[in-house]
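Student: For reference, this is structure-v4.tsv, and it has TSV, C-alpha atoms.
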```tsv
chain	number	residue	atom	x	y	z
E	19	MET	CA	50.62	23.52	68.30
E	20	SER	CA	53.60	21.26	67.64
E	21	GLY	CA	56.88	23.14	68.04
E	22	ARG	CA	55.15	26.48	68.57
E	23	LYS	CA	55.60	28.48	71.77
E	24	VAL	CA	52.28	30.06	72.70
E	25	LEU	CA	51.92	32.84	75.26
E	26	VAL	CA	48.40	33.21	76.71
E	27	LEU	CA	47.71	36.74	77.93
E	28	ASP	CA	44.36	37.42	79.61
E	29	ASN	CA	44.74	41.19	79.50
E	30	GLY	CA	42.28	42.40	82.16
E	31	ALA	CA	41.80	45.98	83.28
E	32	TYR	CA	42.86	45.18	86.86
E	33	SER	CA	45.31	42.34	86.37
E	34	ILE	CA	46.99	40.40	83.59
E	35	LYS	CA	46.95	36.62	83.75
E	36	ALA	CA	50.03	35.55	81.78
E	37	GLY	CA	51.74	32.25	81.09
E	38	TYR	CA	52.72	29.82	78.37
E	39	ALA	CA	50.13	27.35	77.10
E	40	ASP	CA	52.23	24.31	78.08
E	41	GLU	CA	52.26	25.42	81.73
E	42	THR	CA	49.67	24.50	84.34
E	43	GLN	CA	49.81	27.73	86.34
E	44	THR	CA	49.52	31.38	85.34
E	45	ARG	CA	51.02	34.48	86.88
E	46	ILE	CA	48.65	37.22	88.04
E	47	ILE	CA	50.29	40.59	87.41
E	48	PRO	CA	48.79	44.00	88.27
E	49	ASN	CA	48.01	45.88	85.04
E	50	CYS	CA	49.19	49.25	86.25
E	51	ILE	CA	52.12	51.52	86.98
E	52	VAL	CA	52.19	52.71	90.58
E	53	THR	CA	53.96	55.83	91.82
E	54	ARG	CA	54.06	57.46	95.22
E	55	GLY	CA	54.20	61.12	94.18
E	56	LYS	CA	55.03	64.01	96.50
E	57	GLY	CA	58.66	64.11	95.44
E	58	ASP	CA	59.18	60.34	95.56
E	59	LYS	CA	60.07	59.32	92.01
E	60	ARG	CA	60.01	55.58	92.61
E	61	SER	CA	57.60	53.63	90.41
E	62	TYR	CA	56.43	50.02	90.35
E	63	ILE	CA	55.56	48.41	87.03
E	64	GLY	CA	53.32	45.35	87.04
E	65	ASP	CA	54.72	42.60	89.26
E	66	GLN	CA	57.16	45.04	90.90
E	67	LEU	CA	54.29	46.17	93.13
E	68	SER	CA	54.92	43.04	95.22
E	69	THR	CA	58.24	44.58	96.31
E	70	CYS	CA	56.53	47.68	97.72
E	71	THR	CA	56.60	47.88	101.52
E	72	ASP	CA	54.48	50.99	102.06
E	73	PHE	CA	51.12	51.11	100.27
E	74	THR	CA	49.91	54.44	101.66
E	75	GLY	CA	49.13	57.24	99.21
E	76	LEU	CA	49.90	55.34	96.02
E	77	TYR	CA	48.94	56.78	92.63
E	78	TYR	CA	47.85	54.38	89.90
E	79	LYS	CA	48.51	54.89	86.19
E	80	LEU	CA	46.02	52.62	84.48
E	81	PRO	CA	46.10	51.58	80.81
E	82	PHE	CA	42.33	50.97	80.93
E	83	GLU	CA	39.63	53.59	81.45
E	84	LYS	CA	35.98	52.60	81.69
E	85	GLY	CA	36.84	49.14	80.50
E	86	PHE	CA	38.74	50.06	77.33
E	87	LEU	CA	42.48	50.16	76.66
E	88	ILE	CA	43.21	53.79	75.86
E	89	ASN	CA	46.68	54.51	77.30
E	90	TRP	CA	49.04	52.46	75.17
E	91	GLN	CA	52.15	54.05	76.64
E	92	ASN	CA	51.30	52.66	80.08
E	93	GLU	CA	50.26	49.30	78.64
E	94	LYS	CA	53.50	48.97	76.68
E	95	GLU	CA	55.53	49.60	79.83
E	96	VAL	CA	53.63	46.81	81.61
E	97	TRP	CA	53.97	44.46	78.63
E	98	ASP	CA	57.68	45.25	78.30
E	99	ARG	CA	58.10	44.23	81.93
E	100	ILE	CA	56.09	41.01	81.44
E	101	PHE	CA	58.02	40.00	78.30
E	102	SER	CA	61.39	40.76	79.91
E	103	LYS	CA	63.85	38.18	81.24
E	104	ASP	CA	62.82	39.08	84.79
E	105	VAL	CA	59.27	37.78	84.31
E	106	LEU	CA	58.37	35.53	81.33
E	107	ASN	CA	61.55	35.78	79.24
E	108	CYS	CA	59.50	36.04	76.05
E	109	ASP	CA	61.04	36.46	72.59
E	110	PRO	CA	58.09	37.81	70.55
E	111	LYS	CA	59.65	37.01	67.17
E	112	ASN	CA	59.55	33.31	68.03
E	113	THR	CA	56.31	33.32	70.02
E	114	THR	CA	52.62	33.08	69.15
E	115	LEU	CA	50.31	35.26	71.24
E	116	LEU	CA	46.76	34.56	72.40
E	117	ILE	CA	45.36	37.72	73.98
E	118	THR	CA	41.98	38.83	75.29
E	119	GLU	CA	40.18	42.09	74.62
E	120	PRO	CA	37.08	43.70	76.21
E	121	CYS	CA	33.60	42.87	74.99
E	122	PHE	CA	32.35	45.36	72.38
E	123	ASN	CA	35.88	46.63	71.87
E	124	LEU	CA	36.07	49.75	69.70
E	125	PRO	CA	37.30	49.20	66.10
E	126	ASN	CA	40.10	51.77	66.36
E	127	VAL	CA	41.29	50.15	69.60
E	128	GLN	CA	41.27	46.72	67.92
E	129	GLN	CA	43.42	48.13	65.13
E	130	ASN	CA	45.85	49.47	67.74
E	131	TYR	CA	46.11	45.97	69.20
E	132	ASP	CA	47.01	44.52	65.78
E	133	GLU	CA	49.55	47.19	64.89
E	134	ILE	CA	51.36	47.19	68.24
E	135	ILE	CA	51.52	43.40	68.49
E	136	PHE	CA	52.88	42.97	64.97
E	137	GLU	CA	54.77	46.22	64.36
E	138	ALA	CA	56.09	47.15	67.80
E	139	TYR	CA	56.65	43.63	69.22
E	140	GLU	CA	56.80	41.59	65.98
E	141	PHE	CA	55.09	38.48	67.34
E	142	GLU	CA	55.26	35.45	65.04
E	143	ALA	CA	51.45	35.10	65.01
E	144	TYR	CA	48.52	35.98	67.22
E	145	TYR	CA	44.83	35.56	67.94
E	146	ARG	CA	42.59	38.06	69.76
E	147	THR	CA	39.27	37.20	71.43
E	148	ILE	CA	37.11	37.96	74.47
E	149	ALA	CA	37.73	36.33	77.85
E	150	PRO	CA	34.20	34.84	78.25
E	151	TRP	CA	34.68	32.89	75.01
E	152	LEU	CA	37.87	31.35	76.42
E	153	CYS	CA	35.95	30.38	79.56
E	154	ILE	CA	33.67	28.02	77.63
E	155	GLN	CA	36.71	26.26	76.13
E	156	ASN	CA	37.17	24.65	79.56
E	157	ASP	CA	35.43	21.51	80.77
E	158	THR	CA	32.50	23.50	82.14
E	159	THR	CA	30.61	20.35	83.15
E	160	SER	CA	33.03	19.91	86.05
E	161	LEU	CA	31.59	23.09	87.61
E	162	TYR	CA	28.28	21.40	88.41
E	163	LYS	CA	27.47	18.67	90.89
E	164	ASP	CA	25.53	16.74	88.27
E	165	ARG	CA	26.82	16.23	84.74
E	166	PHE	CA	24.40	16.18	81.83
E	167	TYR	CA	27.19	16.23	79.24
E	168	LYS	CA	30.24	14.12	78.55
E	169	SER	CA	33.38	15.44	80.18
E	170	ASN	CA	35.65	17.74	78.14
E	171	GLU	CA	32.87	18.63	75.70
E	172	ILE	CA	31.80	22.24	75.17
E	173	PRO	CA	28.06	22.49	75.93
E	174	ASP	CA	25.73	23.56	73.14
E	175	CYS	CA	24.51	26.50	75.26
E	176	ALA	CA	26.17	28.41	78.10
E	177	LEU	CA	25.73	31.80	79.70
E	178	VAL	CA	28.85	33.49	81.13
E	179	VAL	CA	28.52	36.16	83.82
E	180	ASP	CA	31.83	38.03	83.87
E	181	SER	CA	31.93	40.52	86.77
E	182	GLY	CA	35.30	42.23	86.65
E	183	TYR	CA	37.05	45.50	87.38
E	184	SER	CA	35.10	47.94	85.19
E	185	PHE	CA	31.92	46.17	84.05
E	186	THR	CA	29.75	43.12	84.49
E	187	HIS	CA	28.95	41.36	81.21
E	188	ILE	CA	26.33	38.68	80.61
E	189	ILE	CA	27.08	36.75	77.42
E	190	PRO	CA	24.97	33.81	76.15
E	191	PHE	CA	26.72	31.34	73.82
E	192	VAL	CA	25.21	28.84	71.39
E	193	MET	CA	27.46	26.32	69.62
E	194	GLY	CA	30.48	28.33	70.71
E	195	ARG	CA	29.20	31.63	69.31
E	196	PRO	CA	28.01	34.61	71.35
E	197	ILE	CA	24.45	35.77	70.64
E	198	LEU	CA	25.30	39.41	70.08
E	199	PRO	CA	21.79	40.94	70.45
E	200	ALA	CA	21.41	39.22	73.82
E	201	ILE	CA	24.68	40.41	75.40
E	202	ARG	CA	24.11	42.76	78.32
E	203	ARG	CA	26.43	45.02	80.30
E	204	ILE	CA	26.07	46.48	83.79
E	205	ASN	CA	28.30	49.48	84.46
E	206	ILE	CA	29.42	48.13	87.82
E	207	GLY	CA	32.67	46.38	88.67
E	208	GLY	CA	35.23	46.05	91.40
E	209	LYS	CA	36.56	49.57	90.88
E	210	LEU	CA	33.18	51.17	91.64
E	211	LEU	CA	32.74	49.00	94.74
E	212	THR	CA	36.15	49.98	96.10
E	213	ASN	CA	35.51	53.67	95.42
E	214	HIS	CA	32.13	53.44	97.16
E	215	LEU	CA	33.73	51.86	100.22
E	216	LYS	CA	36.35	54.62	100.26
E	217	GLU	CA	33.59	57.24	100.31
E	218	ILE	CA	31.67	55.52	103.12
E	219	VAL	CA	34.73	55.08	105.33
E	220	SER	CA	35.95	58.62	104.61
E	221	PHE	CA	32.56	60.00	105.66
E	222	ARG	CA	32.19	57.88	108.82
E	223	TYR	CA	35.76	57.46	110.08
E	224	TRP	CA	38.94	58.78	108.43
E	225	ASP	CA	39.84	60.25	105.05
E	226	MET	CA	40.74	57.18	102.98
E	227	MET	CA	40.13	58.61	99.51
E	228	GLU	CA	43.83	58.32	98.60
E	229	GLN	CA	44.22	54.83	100.11
E	230	THR	CA	42.95	52.75	97.20
E	231	TYR	CA	45.18	49.76	97.87
E	232	ILE	CA	44.27	49.55	101.55
E	233	MET	CA	40.54	49.92	100.99
E	234	ASN	CA	40.58	47.31	98.25
E	235	GLU	CA	42.18	44.93	100.76
E	236	VAL	CA	39.46	45.78	103.28
E	237	LYS	CA	36.77	45.12	100.67
E	238	GLU	CA	38.19	41.74	99.69
E	239	THR	CA	38.74	40.69	103.32
E	240	CYS	CA	35.53	41.86	105.00
E	241	CYS	CA	32.70	42.19	102.47
E	242	PHE	CA	30.18	39.47	101.65
E	243	VAL	CA	26.94	39.14	99.69
E	244	SER	CA	23.89	38.99	101.94
E	245	GLN	CA	21.18	36.41	101.28
E	246	ASP	CA	18.56	38.62	102.98
E	247	PHE	CA	19.75	42.21	102.81
E	248	LEU	CA	16.95	43.88	104.81
E	249	SER	CA	17.12	41.33	107.64
E	250	ASP	CA	20.90	41.68	107.87
E	251	LEU	CA	20.55	45.47	108.01
E	252	GLU	CA	18.33	45.07	111.06
E	253	ILE	CA	21.01	42.93	112.69
E	254	CYS	CA	23.56	45.68	112.01
E	255	ARG	CA	21.45	48.09	114.11
E	256	LYS	CA	21.69	45.90	117.21
E	257	ASN	CA	24.01	46.34	120.15
E	258	PRO	CA	27.55	45.35	119.08
E	259	ARG	CA	27.49	42.44	121.52
E	260	ASP	CA	24.45	40.99	119.72
E	261	ASN	CA	25.68	41.83	116.22
E	262	PRO	CA	27.53	38.90	114.57
E	263	ILE	CA	28.08	40.95	111.39
E	264	LEU	CA	30.29	43.57	113.04
E	265	GLN	CA	34.01	43.06	112.41
E	266	GLU	CA	37.05	44.86	113.77
E	267	TYR	CA	39.62	45.37	111.03
E	268	VAL	CA	43.04	46.54	112.18
E	269	LEU	CA	44.51	48.78	109.49
E	270	PRO	CA	48.07	47.99	108.37
E	271	ASP	CA	51.02	49.82	109.89
E	272	PHE	CA	53.64	49.90	107.16
E	273	SER	CA	56.21	51.60	109.40
E	274	ARG	CA	56.34	48.34	111.37
E	275	ASN	CA	55.69	46.11	108.34
E	276	SER	CA	52.38	45.06	109.90
E	277	LYS	CA	49.61	43.90	107.55
E	278	GLY	CA	45.92	44.56	108.07
E	279	TYR	CA	43.87	41.82	109.69
E	280	ILE	CA	40.53	41.05	111.34
E	281	ARG	CA	41.02	40.80	115.08
E	282	LYS	CA	38.95	38.67	117.39
E	283	ARG	CA	36.20	40.60	119.12
E	284	GLY	CA	35.92	40.81	122.89
E	285	GLY	CA	39.62	40.62	123.65
E	286	MET	CA	41.74	43.07	125.62
E	287	TYR	CA	43.92	45.09	123.27
E	288	ASP	CA	46.31	48.01	123.51
E	289	GLN	CA	44.49	50.67	121.49
E	290	SER	CA	47.39	53.13	121.52
E	291	ASP	CA	49.24	51.67	118.53
E	292	GLU	CA	46.36	50.38	116.38
E	293	GLN	CA	43.84	51.98	114.07
E	294	VAL	CA	40.68	49.87	114.12
E	295	LEU	CA	38.09	50.15	111.37
E	296	TYR	CA	34.70	48.88	112.49
E	297	MET	CA	33.05	47.19	109.51
E	298	ASN	CA	29.32	46.79	110.09
E	299	ASN	CA	26.68	47.34	107.40
E	300	GLU	CA	29.50	48.32	105.01
E	301	ARG	CA	30.32	44.63	104.76
E	302	LEU	CA	27.09	43.85	102.92
E	303	SER	CA	25.97	47.20	101.49
E	304	VAL	CA	28.99	47.48	99.16
E	305	PRO	CA	28.54	44.14	97.31
E	306	GLU	CA	24.77	44.69	97.33
E	307	ILE	CA	25.34	47.28	94.58
E	308	LEU	CA	25.89	44.36	92.18
E	309	PHE	CA	22.30	43.28	92.84
E	310	ASN	CA	20.69	46.70	93.35
E	311	PRO	CA	22.54	49.43	91.40
E	312	MET	CA	19.75	51.86	92.32
E	313	ASP	CA	21.33	51.99	95.81
E	314	VAL	CA	23.96	54.33	94.32
E	315	GLY	CA	21.60	56.08	91.90
E	316	MET	CA	22.35	53.98	88.80
E	317	ASN	CA	19.33	53.36	86.61
E	318	GLN	CA	20.20	49.73	85.88
E	319	ALA	CA	18.99	46.32	86.98
E	320	GLY	CA	21.05	43.96	89.12
E	321	ILE	CA	22.86	40.85	87.92
E	322	PRO	CA	19.99	38.31	88.35
E	323	GLU	CA	17.48	40.55	86.56
E	324	VAL	CA	19.90	41.19	83.70
E	325	ILE	CA	20.59	37.46	83.35
E	326	VAL	CA	16.85	36.91	82.87
E	327	GLU	CA	16.69	39.82	80.42
E	328	SER	CA	19.60	38.40	78.42
E	329	ILE	CA	18.06	34.91	78.25
E	330	ASN	CA	14.68	36.34	77.25
E	331	ALA	CA	16.41	38.08	74.31
E	332	THR	CA	17.31	34.66	72.86
E	333	HIS	CA	15.07	32.14	71.11
E	334	SER	CA	12.58	30.50	73.48
E	335	ASP	CA	13.94	27.04	72.62
E	336	LEU	CA	17.27	28.03	74.23
E	337	HIS	CA	15.96	29.32	77.56
E	338	GLY	CA	16.07	26.04	79.46
E	339	LEU	CA	19.59	25.25	78.25
E	340	LEU	CA	20.91	28.69	79.21
E	341	TYR	CA	19.35	28.61	82.69
E	342	GLY	CA	20.97	25.22	83.16
E	343	ASN	CA	24.49	26.31	82.17
E	344	ILE	CA	25.37	29.58	83.93
E	345	ILE	CA	29.07	30.18	84.59
E	346	LEU	CA	30.34	32.83	87.02
E	347	VAL	CA	33.79	34.35	86.43
E	348	GLY	CA	35.64	37.53	87.35
E	349	GLY	CA	37.04	38.90	90.58
E	350	ASN	CA	33.66	39.85	92.10
E	351	SER	CA	32.68	36.17	92.04
E	352	LEU	CA	34.99	35.68	95.02
E	353	PHE	CA	32.62	37.51	97.39
E	354	SER	CA	31.30	35.05	99.94
E	355	GLY	CA	27.65	34.27	99.17
E	356	TYR	CA	27.80	35.62	95.59
E	357	LYS	CA	26.97	32.34	93.83
E	358	LYS	CA	24.29	31.37	96.36
E	359	ARG	CA	22.56	34.77	96.03
E	360	ILE	CA	22.44	34.55	92.24
E	361	GLU	CA	20.95	31.06	92.44
E	362	LYS	CA	18.37	32.24	94.97
E	363	ASP	CA	17.30	35.33	93.01
E	364	LEU	CA	17.18	33.45	89.70
E	365	ARG	CA	14.95	30.78	91.19
E	366	TYR	CA	12.55	33.56	92.15
E	367	LEU	CA	12.70	35.32	88.76
E	368	ALA	CA	12.95	32.45	86.27
E	369	PRO	CA	10.02	30.31	85.08
E	370	THR	CA	9.46	27.37	87.39
E	371	GLU	CA	9.76	24.77	84.60
E	372	PHE	CA	13.47	25.55	84.15
E	373	GLU	CA	16.19	24.13	86.35
E	374	ILE	CA	18.75	26.67	87.61
E	375	ARG	CA	22.34	25.45	87.50
E	376	VAL	CA	25.08	27.92	88.39
E	377	GLY	CA	28.73	26.89	88.25
E	378	MET	CA	31.88	28.63	89.42
E	379	SER	CA	35.52	27.61	89.18
E	380	GLU	CA	37.71	27.36	92.26
E	381	ASN	CA	39.59	30.36	90.84
E	382	PRO	CA	37.22	32.42	88.67
E	383	ILE	CA	39.98	34.99	88.05
E	384	THR	CA	42.20	32.58	86.08
E	385	TYR	CA	39.40	30.57	84.46
E	386	ALA	CA	39.68	32.40	81.12
E	387	TRP	CA	43.44	31.84	81.04
E	388	GLN	CA	42.93	28.13	81.68
E	389	GLY	CA	40.51	27.99	78.76
E	390	GLY	CA	43.00	29.88	76.60
E	391	ALA	CA	45.79	27.45	77.45
E	392	LYS	CA	43.53	24.54	76.48
E	393	PHE	CA	42.37	26.23	73.26
E	394	ALA	CA	45.97	26.99	72.26
E	395	ASN	CA	46.61	23.24	72.06
E	396	SER	CA	43.71	22.62	69.65
E	397	ALA	CA	43.67	22.39	65.87
E	398	GLU	CA	41.09	25.20	65.68
E	399	PHE	CA	43.60	27.61	67.20
E	400	ASN	CA	45.99	27.13	64.27
E	401	GLU	CA	43.19	27.92	61.81
E	402	LYS	CA	42.30	31.20	63.51
E	403	LEU	CA	45.84	32.57	63.82
E	404	VAL	CA	47.09	35.54	61.82
E	405	SER	CA	50.81	35.40	61.07
E	406	ARG	CA	53.10	38.39	60.88
E	407	ALA	CA	53.62	37.76	57.15
E	408	GLU	CA	49.86	37.78	56.55
E	409	PHE	CA	49.47	41.02	58.48
E	410	ASN	CA	52.27	42.65	56.51
E	411	GLU	CA	50.51	41.66	53.28
E	412	TYR	CA	46.83	42.24	54.11
E	413	GLY	CA	46.94	44.61	57.09
E	414	HIS	CA	44.21	44.96	59.71
E	415	ASN	CA	41.53	43.49	57.43
E	416	ILE	CA	42.86	39.94	57.80
E	417	CYS	CA	42.46	40.25	61.58
E	418	LEU	CA	38.85	41.35	61.16
E	419	GLN	CA	38.13	38.24	59.09
E	420	ARG	CA	39.88	35.71	61.31
E	421	PHE	CA	38.99	37.01	64.76
E	422	GLY	CA	35.21	37.29	64.38
E	423	LEU	CA	33.16	34.92	66.55
E	424	GLY	CA	30.16	34.93	64.22
E	425	ASP	CA	28.89	36.31	60.91
E	426	ASP	CA	25.75	37.42	59.14
E	427	ASP	CA	25.03	33.84	58.01
E	428	ASP	CA	24.60	32.57	61.58
E	429	ILE	CA	21.39	30.75	62.37
E	430	GLU	CA	18.62	32.83	63.85
E	431	MET	CA	18.94	32.59	67.63
E	432	THR	CA	16.83	35.54	68.79
E	433	GLU	CA	13.17	36.33	68.74
```
Can you give me the file's structure in the form of structure tokens?

Tutor:
Amino acid sequence: MSGRKVLVLDNGAYSIKAGYADETQTRIIPNCIVTRGKGDKRSYIGDQLSTCTDFTGLYYKLPFEKGFLINWQNEKEVWDRIFSKDVLNCDPKNTTLLITEPCFNLPNVQQNYDEIIFEAYEFEAYYRTIAPWLCIQNDTTSLYKDRFYKSNEIPDCALVVDSGYSFTHIIPFVMGRPILPAIRRINIGGKLLTNHLKEIVSFRYWDMMEQTYIMNEVKETCCFVSQDFLSDLEICRKNPRDNPILQEYVLPDFSRNSKGYIRKRGGMYDQSDEQVLYMNNERLSVPEILFNPMDVGMNQAGIPEVIVESINATHSDLHGLLYGNIILVGGNSLFSGYKKRIEKDLRYLAPTEFEIRVGMSENPITYAWQGGAKFANSAEFNEKLVSRAEFNEYGHNICLQRFGLGDDDDIEMTE
């Protein structure tokens, strides 16, 4: 990468993780345009949302729908803001771009990526791949207490569980290649969990259906993954004095610039100027959807069962290696108890002869970006790049050839 300026853009549906490959930290930027509506014409693009002082009744214009980038006008506005002097000060003509795309991205959407990046922005060169593949470019051995591999080496087998905004994907890798027939997707992500919490609170307390930002804050602050869901539900039915799960969340008051917070129970408070949301079984029933989608009427298995299904779709010789190298990434990984619950359920579901090793980065949201920054400094990155001159000569076909993670001549890795 000598002399080349490389911009790594983990283009997620909820947030964009952006930064140059020679930097150690990335910026997390909301991938949306936010307006207030009702006659207020102010809008916040990407990072400008941090300047907003009143988050009530916000309307979100999202580039992504159901996990796929379909509104390029909105995305271009967000990218224009990111590339501007106010954020990253990026000159595309003298910059190489490494960008992520969703798993199983549609061919026409992939072509839109190529055309906009080269024709609209005129980047010097670029490479497009999926975020889970960038995750395994990191030193994944550091995620486990014991190390079976030499540091900084990519393991022969790894299984990435990416639970993000729109979907949860389970992707097994062998020798750096995804095993396509074994990839699984659960149609549950952070967006569904937030919407479900909005519905519960709107039914039990106040109408919060238009308060997406606030309820997402409540979800991230209060919710946790239960290790014994039925037992914890029984605790939630107890008298509040004997219920350690019950929390009192004070909703934000933006007129006084007061943020939401969990207040200590049992104290004497002036109730006249506070709206208190009592979070009881909502704290555990919302994240439980990740493990039991049938709770909301979805005919799909939970994350541990789908992990087992994905591993069983690979060759039997790989099962032990995949169970021993599971990596959790994505925003939903931040739920307290998430990793422990997956380990517990997998130990119950998996064959006893296999050791279960589940690793998670300190920041699973930026883990793909970190892998991208590392990969951008490798010799392999230069071989996979497509330059603007090559695109002008060969068109979209050259991107199809360079960006594939496997081909028909791959070794047989399924049964």

Student: Restricting the calculation to all atoms listed in the file, which member of E:Cys153, E:Ile280, E:Leu116, E:Cys50 is positioned closest to Asn89 (chain E)?

Tutor: E:Cys50

Student: Restricting the calculation to only C-alpha atoms: of E:Asp104, E:Asp271, E:Glu140, E:Glu41, which residue gets closest to Gly64 (chain E)?

Tutor: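 Checking each of E:Asp104, E:Asp271, E:Glu140, E:Glu41 against Gly64 (chain E), counting only C-alpha atoms, the winner is E:Asp104.
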
Student: Give me the residues near Tyr162 (chain E) as a list of chain:residue names, where near means some atom within 10 Å (using all atoms listed in the file) and where sequence neighbours in that chain fewer than 2 positions away do not count.

Tutor: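 With the cut-off at 10 Å, the set is E:Thr158, E:Thr159, E:Ser160, E:Asp164, E:Arg165, E:Phe166, E:Gly342, E:Asn343, E:Ile344, E:Ile345, E:Arg375, E:Val376, E:Gly377, E:Met378, E:Ser379.
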
Student: Using all atoms listed in the file, which residue out of E:Leu295, E:Ala149, E:Leu346, E:Ile416 lies closest to Arg222 (chain E)?

Tutor: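 Nearest to Arg222 (chain E): E:Leu295.
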
Student: Find the residue from E:Gln265, E:Phe122, E:Pro369, E:Ile51 that sits nearest to Asn330 (chain E); use all atoms listed in the file when measuring.

Tutor: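 Closest residue, counting all atoms listed in the file: E:Pro369.
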
Student: Could you check the closest approach to Gly422 (chain E) for each of E:Tyr385, E:Tyr38, E:Trp151, E:Phe101 and tell me which residue wins, using only C-alpha atoms?

Tutor: E:Trp151

Student: Quick test: take region 147-158 of chain E, keep N, CA, C and O atoms, and write it as an mmCIF file, in the first residue's frame.

Tutor:
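As a result, out-v3.cif now contains:
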```cif
data_model
loop_
_atom_site.group_PDB
_atom_site.id
_atom_site.type_symbol
_atom_site.label_atom_id
_atom_site.label_comp_id
_atom_site.auth_asym_id
_atom_site.auth_seq_id
_atom_site.Cartn_x
_atom_site.Cartn_y
_atom_site.Cartn_z
ATOM 1 N N THR E 147 -16.356 -6.032 -0.624
ATOM 2 C CA THR E 147 -16.479 -7.357 -0.015
ATOM 3 C C THR E 147 -17.504 -7.303 1.108
ATOM 4 O O THR E 147 -18.078 -6.247 1.386
ATOM 5 N N ILE E 148 -17.721 -8.442 1.775
ATOM 6 C CA ILE E 148 -18.677 -8.487 2.878
ATOM 7 C C ILE E 148 -17.944 -8.264 4.202
ATOM 8 O O ILE E 148 -16.779 -8.610 4.347
ATOM 9 N N ALA E 149 -18.651 -7.688 5.168
ATOM 10 C CA ALA E 149 -18.042 -7.359 6.459
ATOM 11 C C ALA E 149 -17.534 -8.588 7.217
ATOM 12 O O ALA E 149 -16.450 -8.530 7.806
ATOM 13 N N PRO E 150 -18.267 -9.725 7.245
ATOM 14 C CA PRO E 150 -17.738 -10.894 7.965
ATOM 15 C C PRO E 150 -16.389 -11.362 7.444
ATOM 16 O O PRO E 150 -15.569 -11.872 8.224
ATOM 17 N N TRP E 151 -16.141 -11.216 6.133
ATOM 18 C CA TRP E 151 -14.841 -11.623 5.599
ATOM 19 C C TRP E 151 -13.730 -10.729 6.140
ATOM 20 O O TRP E 151 -12.618 -11.194 6.422
ATOM 21 N N LEU E 152 -14.014 -9.438 6.312
ATOM 22 C CA LEU E 152 -13.017 -8.538 6.888
ATOM 23 C C LEU E 152 -12.751 -8.883 8.346
ATOM 24 O O LEU E 152 -11.640 -8.678 8.850
ATOM 25 N N CYS E 153 -13.773 -9.405 9.041
ATOM 26 C CA CYS E 153 -13.592 -9.754 10.455
ATOM 27 C C CYS E 153 -12.499 -10.799 10.638
ATOM 28 O O CYS E 153 -11.716 -10.729 11.591
ATOM 29 N N ILE E 154 -12.436 -11.788 9.744
ATOM 30 C CA ILE E 154 -11.452 -12.858 9.912
ATOM 31 C C ILE E 154 -10.057 -12.437 9.450
ATOM 32 O O ILE E 154 -9.116 -13.229 9.547
ATOM 33 N N GLN E 155 -9.913 -11.193 8.958
ATOM 34 C CA GLN E 155 -8.578 -10.686 8.635
ATOM 35 C C GLN E 155 -7.862 -10.204 9.895
ATOM 36 O O GLN E 155 -6.661 -9.948 9.874
ATOM 37 N N ASN E 156 -8.614 -10.066 10.996
ATOM 38 C CA ASN E 156 -8.019 -9.690 12.272
ATOM 39 C C ASN E 156 -7.291 -10.869 12.907
ATOM 40 O O ASN E 156 -7.400 -12.006 12.454
ATOM 41 N N ASP E 157 -6.591 -10.588 13.991
ATOM 42 C CA ASP E 157 -5.982 -11.642 14.800
ATOM 43 C C ASP E 157 -7.082 -12.224 15.683
ATOM 44 O O ASP E 157 -7.241 -11.837 16.848
ATOM 45 N N THR E 158 -7.843 -13.152 15.144
ATOM 46 C CA THR E 158 -8.999 -13.691 15.862
ATOM 47 C C THR E 158 -8.591 -14.535 17.069
ATOM 48 O O THR E 158 -9.391 -14.740 17.977
#
```
